[in-house]
Structure formats: structure tokens, C-alpha cells
Amino acid sequence: MNQAELTEIIYETTDRVAQITLNRPDKLNSLTAKMHEEFRLALDCIDQDPRIQILIIKGAGKGFCAGQDLSDPDLKLNHLGETLEINYNPLIYRLTTMKQIVIASVHGVAAGAGCNLALAADLTIASKSASFIQAFIKIGLMPDAGGTWFLPKRIGLQKAMGLALTGEKITGEQADQMGLIWKSFDEEILISETAQLANQLAKMPGLALTEIKKAMQSSFNRTLVEQLAVECEAQDRLGKTNDFHEGVSAFLEKRPARFNNS
Ligand code: LHQ
């Protein structure tokens, strides 16, 4: 992909970590059809780059993302389902099923579909002062982009209903305490904590990270017996990897493991 083609996101890679920055700071990084198109191009690049193990998603400027750009001329107001089908649903599905671990790093506002984009990550981290808002009800809509799926599963039906029905804002610190996100940090250290988490995961055995993601993300539609069988098959695959043998050898030899994703 030619970086010059990108005007609404920034795509960067360093070693095993890719980063997508939503880049319309004047409009609180609200999502346009063009931004979705660029997002897809960046995800295609990640698919084609076997080195990438971690994806960070963040926002430029003062916030993460204010959801759909309500003034985007490409948005067909009488056909919202079409926009969801073409842009949002494939994006959310792709993030939750891609083999890389996705980290959303949220500062400032995450509202509407922007909030649910952040929740679609495998790990969502935020500044304590960030705002998570299911803003949809204020404009006569309901949560989309996976909101009605993520919220009850993470925080239970009552809190999910409360957030969706009232559109009440919660801070990053409250989201952390409710179990909506992984962790919250003081704003000054969010960037360094994001990098630290990404680098920590980038050094881990990638095949195992992917098996964890696949098993967890798909667990909700299975019984315990079915899930035990999924674990059995996946663990059997992992037991045959070089990384498992390296992990055990390193443990027995009391040295750090050197994983190579094979
Ligand atoms: C925006 C937006 C925005 C355009 C701030 N659009 N300009 C998906 C697909 C298909 C169908 C429909 O639904 C969906 C789901 C959705 O996501 S629907 C949209 C859900 N989002 C919202 O309703 C949030 C709307 N924004 C707000 O309520 C406020 O901007 C929040 C509370 C997010 C932030 O407030 P402030 O910090 O006071 O910032 P601001 O309002 O001054 O915004 C800064 C600028 O960004 C401003 O532009 P301007 O040119 O006036 O300086 C806003 O107009 C613009 N902006 N959100 N969603």
C-alpha cells in the first residue's frame, strides 16, 4: 500500500507491531466511508505481513473516535443498514477474528460506533479521564458495531441496558472498574503503557496468542463440553509447535525463552 493514498488514517509498523491511527482530529476522528476504505487497506497490509503479531488502534488529537461522521455526504440516512453491512459489520468481524491481537488505546471521547470499535479490540485500555458513550439513543438510534453483543457479555445485562438506554457517559476509570475494559491509566502514561503492552505481547508465542483469541472469541455460542473439545484440539496443535518445546526447555534450563512463531 502506498502511504500517500492514506489521508484519514495513519498506518505504521515497527517490527511485530502495526498501528492504525484514526486521523481526522478536527472531527473527533468520526468515521467516514473513506476512512473505512483506508482501514480495510491497512488490514489487508497486516494480512500480507507475516511479521505482525499485534495491532494498536488509537485516535489522533484530543479523542479516540466520535462514531459515524453524521455529516459524511456518503452516508445514506435512509439506508443505515447498508452502511453497517458494507463498512461496520465487516470491520468488527475482521478485528475479532484476525489472527493478530488487537489493542485499542483510548484517550478522550469514544462515542457511538467509536465506543464499540474500541470494545471490539481484544484488549481495550484507556486513560482514566477518557469518556465511553453509547451516544446512539441521543439521536434516536440503538447501539450498533457490536455494542449489543459486547456490552452484556462484559458488564452484564443491567449495566449494558443502563448505558444503552440512557447514553450516559462513563470515564475510563469507571469502565475499568466495571470490567468493560482491561485497564486504565493516568493520561500522561497511556502512550507508554500502550507501547509496553504491545511489546510485551509481541515477544510472546504468536501461535498461542492466536489460539487464545480464537477460543475465547468463539466461546459464547458453545456449551462447556464443546468448549473443552475446542481447548483439546487447540492445545494439541500448540503442543506440536517449536515455541512450546522452546518454552519448556527454557523453563527447565532457567533461561528466558526465545520464541519464533513456529
Ligand atoms: C462530529 C461528530 C460526528 C460529525 C463530533 N459526526 N462530526 C453507524 C453507521 C451507520 C449508521 C448510523 O450509526 C452509526 C453509529 C454511530 O456512530 S452514529 C454517531 C454516534 N455519535 C454521536 O452521536 C456523537 C456525536 N458527537 C457528540 O455528541 C460530541 O461531539 C461528543 C460528545 C462526542 C464530543 O463533544 P465535544 O468534546 O464537546 O466535541 P465537539 O462536539 O465540539 O466536536 C468537535 C468537532 O467534531 C465538532 O466539529 P466543529 O466543526 O463544530 O468544530 C463536531 O461537530 C465534530 N464531531 N462528533 N459523530
# chains A, B, ... in the order shown; residues from 1 in each chain; ligands from 1
>>> select_by_dssp(residues="segment 69-204 of chain A", states="alpha helix (DSSP H)", output="PyMOL selection string")
chain A and resi 80-83+89-97+113-119+147-155+157-166+172-178+190-202
>>> residues_near_ligand(ligand="ligand 1", cutoff="6 Å", atoms="only C-alpha atoms and all ligand atoms", output="MDAnalysis selection string")
chainID A and resid 26:28 30 66:71 80 83:84 109 111:113 135:136
>>> write_last_selection(atoms="C-alpha atoms", output="PDB file, in the first residue's frame")
ATOM      1  CA  ASP A  26     -10.859  18.240  13.775  1.00  0.00           C
ATOM      2  CA  LYS A  27     -13.948  15.998  13.650  1.00  0.00           C
ATOM      3  CA  LEU A  28     -13.010  13.876  16.641  1.00  0.00           C
ATOM      4  CA  SER A  30     -15.571  10.403  13.340  1.00  0.00           C
ATOM      5  CA  ALA A  66     -16.920  10.027  17.899  1.00  0.00           C
ATOM      6  CA  GLY A  67     -18.554   7.261  15.844  1.00  0.00           C
ATOM      7  CA  GLN A  68     -20.092   7.660  12.416  1.00  0.00           C
ATOM      8  CA  ASP A  69     -19.473  11.081  10.835  1.00  0.00           C
ATOM      9  CA  LEU A  70     -23.041  12.307  10.784  1.00  0.00           C
ATOM     10  CA  SER A  71     -22.190  14.869   8.091  1.00  0.00           C
ATOM     11  CA  LEU A  80     -28.255   2.992   7.673  1.00  0.00           C
ATOM     12  CA  THR A  83     -23.642   1.436   5.799  1.00  0.00           C
ATOM     13  CA  LEU A  84     -23.456  -1.091   8.621  1.00  0.00           C
ATOM     14  CA  VAL A 109     -14.000  10.545  23.683  1.00  0.00           C
ATOM     15  CA  ALA A 111     -18.713   7.632  21.337  1.00  0.00           C
ATOM     16  CA  GLY A 112     -21.294   5.674  19.338  1.00  0.00           C
ATOM     17  CA  ALA A 113     -19.707   3.273  16.883  1.00  0.00           C
ATOM     18  CA  ALA A 135     -24.407   8.010  22.269  1.00  0.00           C
ATOM     19  CA  PHE A 136     -26.851   6.373  19.837  1.00  0.00           C
TER      20      PHE A 136
END
>>> atom_distance(atom1="atom CA of Leu141 of chain A", atom2="atom CA of Gly81 of chain A")
11.7 Å
>>> residues_around(residues="Ala104 of chain A", least_positions_apart="6", cutoff="6 Å", atoms="only C-alpha atoms", output="MDAnalysis selection string")
chainID A and resid 56:57 118 121 124
>>> select_by_dssp(residues="segment 69-240 of chain A", states="strand (DSSP E)", output="ChimeraX atom specification")
/A:101-106,109-111,123-127,131-133,169-171,183-185
>>> atom_distance(atom1="atom CA of Leu238 of chain A", atom2="atom CA of Leu207 of chain A")
7.3 Å
>>> closest_residue(among="A:Asn199, A:Ser218, A:Ser131, A:Thr210", to="Ser184 of chain A", atoms="only C-alpha atoms")
A:Ser131
>>> closest_residue(among="A:Cys65, A:Ala18, A:Leu77, A:Leu157", to="Ala130 of chain A", atoms="only C-alpha atoms")
A:Cys65
>>> residues_around(residues="Ile103 of chain A", least_positions_apart="6", cutoff="12 Å", atoms="only C-alpha atoms", output="VMD selection string")
chain A and resid 17 to 21 53 to 58 95 to 96 117 to 126 181 to 183 193 to 199 201 to 202
>>> residues_around(residues="segment 228-232 of chain A", least_positions_apart="4", cutoff="9 Å", atoms="only C-alpha atoms", output="ChimeraX atom specification")
/A:211,215,219,223-224,236-237
>>> write_last_selection(atoms="N, CA and C atoms", output="mmCIF file, in the first residue's frame")
data_model
loop_
_atom_site.group_PDB
_atom_site.id
_atom_site.type_symbol
_atom_site.label_atom_id
_atom_site.label_comp_id
_atom_site.auth_asym_id
_atom_site.auth_seq_id
_atom_site.Cartn_x
_atom_site.Cartn_y
_atom_site.Cartn_z
ATOM 1 N N GLU A 211 -4.465 -18.791 19.181
ATOM 2 C CA GLU A 211 -5.381 -19.858 19.655
ATOM 3 C C GLU A 211 -6.219 -19.347 20.834
ATOM 4 N N ALA A 215 -10.299 -19.193 20.637
ATOM 5 C CA ALA A 215 -11.113 -19.972 21.584
ATOM 6 C C ALA A 215 -11.999 -19.055 22.431
ATOM 7 N N SER A 219 -16.248 -18.614 22.235
ATOM 8 C CA SER A 219 -16.729 -19.468 23.330
ATOM 9 C C SER A 219 -18.214 -19.257 23.663
ATOM 10 N N THR A 223 -21.367 -24.885 24.463
ATOM 11 C CA THR A 223 -21.541 -25.441 25.806
ATOM 12 C C THR A 223 -20.150 -25.703 26.381
ATOM 13 N N LEU A 224 -20.083 -26.008 27.680
ATOM 14 C CA LEU A 224 -18.792 -26.327 28.301
ATOM 15 C C LEU A 224 -18.161 -27.544 27.632
ATOM 16 N N ASP A 236 -3.535 -29.442 21.487
ATOM 17 C CA ASP A 236 -2.802 -30.482 20.779
ATOM 18 C C ASP A 236 -1.940 -29.856 19.670
ATOM 19 N N ARG A 237 -2.545 -28.880 18.952
ATOM 20 C CA ARG A 237 -1.782 -28.173 17.904
ATOM 21 C C ARG A 237 -0.600 -27.443 18.526
#
>>> residues_around(residues="Lys169 of chain A", least_positions_apart="2", cutoff="7 Å", atoms="only C-alpha atoms", output="VMD selection string")
chain A and resid 131 to 133 167 171
>>> residues_around(residues="Glu37 of chain A", least_positions_apart="2", cutoff="12 Å", atoms="only C-alpha atoms", output="list in words")
Glu5, Leu6, Thr7, Glu8, Ile9, Leu31, Thr32, Ala33, Lys34, Met35, Phe39, Arg40, Leu41, Ala42, Leu43, Asp44, Ile86, Asn87, Tyr88, Pro90 and Leu91 of chain A
>>> write_last_selection(atoms="N, CA and C atoms", output="PDB file, in the first residue's frame")
ATOM      1  N   GLU A   5      -1.648   7.254  -0.303  1.00  0.00           N
ATOM      2  CA  GLU A   5      -3.085   7.053  -0.554  1.00  0.00           C
ATOM      3  C   GLU A   5      -3.911   7.342   0.700  1.00  0.00           C
ATOM      4  N   LEU A   6      -3.248   7.322   1.863  1.00  0.00           N
ATOM      5  CA  LEU A   6      -3.984   7.424   3.121  1.00  0.00           C
ATOM      6  C   LEU A   6      -4.061   8.875   3.584  1.00  0.00           C
ATOM      7  N   THR A   7      -5.284   9.376   3.744  1.00  0.00           N
ATOM      8  CA  THR A   7      -5.425  10.746   4.231  1.00  0.00           C
ATOM      9  C   THR A   7      -6.204  10.793   5.545  1.00  0.00           C
ATOM     10  N   GLU A   8      -6.945   9.710   5.860  1.00  0.00           N
ATOM     11  CA  GLU A   8      -7.820   9.759   7.041  1.00  0.00           C
ATOM     12  C   GLU A   8      -7.385   8.805   8.153  1.00  0.00           C
ATOM     13  N   ILE A   9      -6.413   7.949   7.848  1.00  0.00           N
ATOM     14  CA  ILE A   9      -5.775   7.160   8.901  1.00  0.00           C
ATOM     15  C   ILE A   9      -4.259   7.231   8.687  1.00  0.00           C
ATOM     16  N   LEU A  31     -16.067   8.587  11.844  1.00  0.00           N
ATOM     17  CA  LEU A  31     -15.755   7.640  10.768  1.00  0.00           C
ATOM     18  C   LEU A  31     -16.507   7.973   9.481  1.00  0.00           C
ATOM     19  N   THR A  32     -15.761   8.091   8.394  1.00  0.00           N
ATOM     20  CA  THR A  32     -16.346   8.321   7.071  1.00  0.00           C
ATOM     21  C   THR A  32     -16.210   7.038   6.244  1.00  0.00           C
ATOM     22  N   ALA A  33     -16.897   7.020   5.094  1.00  0.00           N
ATOM     23  CA  ALA A  33     -16.768   5.862   4.189  1.00  0.00           C
ATOM     24  C   ALA A  33     -15.309   5.739   3.738  1.00  0.00           C
ATOM     25  N   LYS A  34     -14.649   6.888   3.506  1.00  0.00           N
ATOM     26  CA  LYS A  34     -13.251   6.856   3.062  1.00  0.00           C
ATOM     27  C   LYS A  34     -12.338   6.270   4.141  1.00  0.00           C
ATOM     28  N   MET A  35     -12.622   6.653   5.383  1.00  0.00           N
ATOM     29  CA  MET A  35     -11.816   6.132   6.485  1.00  0.00           C
ATOM     30  C   MET A  35     -11.953   4.604   6.579  1.00  0.00           C
ATOM     31  N   PHE A  39      -9.041   1.909   6.293  1.00  0.00           N
ATOM     32  CA  PHE A  39      -8.903   0.909   7.361  1.00  0.00           C
ATOM     33  C   PHE A  39      -8.761  -0.478   6.727  1.00  0.00           C
ATOM     34  N   ARG A  40      -9.627  -0.743   5.705  1.00  0.00           N
ATOM     35  CA  ARG A  40      -9.574  -2.061   5.054  1.00  0.00           C
ATOM     36  C   ARG A  40      -8.225  -2.267   4.376  1.00  0.00           C
ATOM     37  N   LEU A  41      -7.704  -1.209   3.734  1.00  0.00           N
ATOM     38  CA  LEU A  41      -6.391  -1.323   3.065  1.00  0.00           C
ATOM     39  C   LEU A  41      -5.305  -1.655   4.081  1.00  0.00           C
ATOM     40  N   ALA A  42      -5.359  -0.992   5.238  1.00  0.00           N
ATOM     41  CA  ALA A  42      -4.344  -1.239   6.270  1.00  0.00           C
ATOM     42  C   ALA A  42      -4.468  -2.676   6.798  1.00  0.00           C
ATOM     43  N   LEU A  43      -5.696  -3.145   6.977  1.00  0.00           N
ATOM     44  CA  LEU A  43      -5.870  -4.528   7.471  1.00  0.00           C
ATOM     45  C   LEU A  43      -5.391  -5.529   6.411  1.00  0.00           C
ATOM     46  N   ASP A  44      -5.564  -5.177   5.119  1.00  0.00           N
ATOM     47  CA  ASP A  44      -5.033  -6.048   4.044  1.00  0.00           C
ATOM     48  C   ASP A  44      -3.511  -6.135   4.161  1.00  0.00           C
ATOM     49  N   ILE A  86     -21.918  -2.697   4.813  1.00  0.00           N
ATOM     50  CA  ILE A  86     -20.738  -2.511   3.946  1.00  0.00           C
ATOM     51  C   ILE A  86     -19.495  -2.184   4.773  1.00  0.00           C
ATOM     52  N   ASN A  87     -19.675  -1.314   5.791  1.00  0.00           N
ATOM     53  CA  ASN A  87     -18.485  -0.798   6.488  1.00  0.00           C
ATOM     54  C   ASN A  87     -18.279  -1.357   7.892  1.00  0.00           C
ATOM     55  N   TYR A  88     -19.277  -1.220   8.749  1.00  0.00           N
ATOM     56  CA  TYR A  88     -19.045  -1.517  10.172  1.00  0.00           C
ATOM     57  C   TYR A  88     -18.994  -3.015  10.478  1.00  0.00           C
ATOM     58  N   PRO A  90     -18.352  -5.739   8.652  1.00  0.00           N
ATOM     59  CA  PRO A  90     -17.122  -6.445   8.249  1.00  0.00           C
ATOM     60  C   PRO A  90     -15.908  -6.017   9.088  1.00  0.00           C
ATOM     61  N   LEU A  91     -15.858  -4.735   9.464  1.00  0.00           N
ATOM     62  CA  LEU A  91     -14.713  -4.254  10.260  1.00  0.00           C
ATOM     63  C   LEU A  91     -14.697  -4.936  11.627  1.00  0.00           C
TER      64      LEU A  91
END
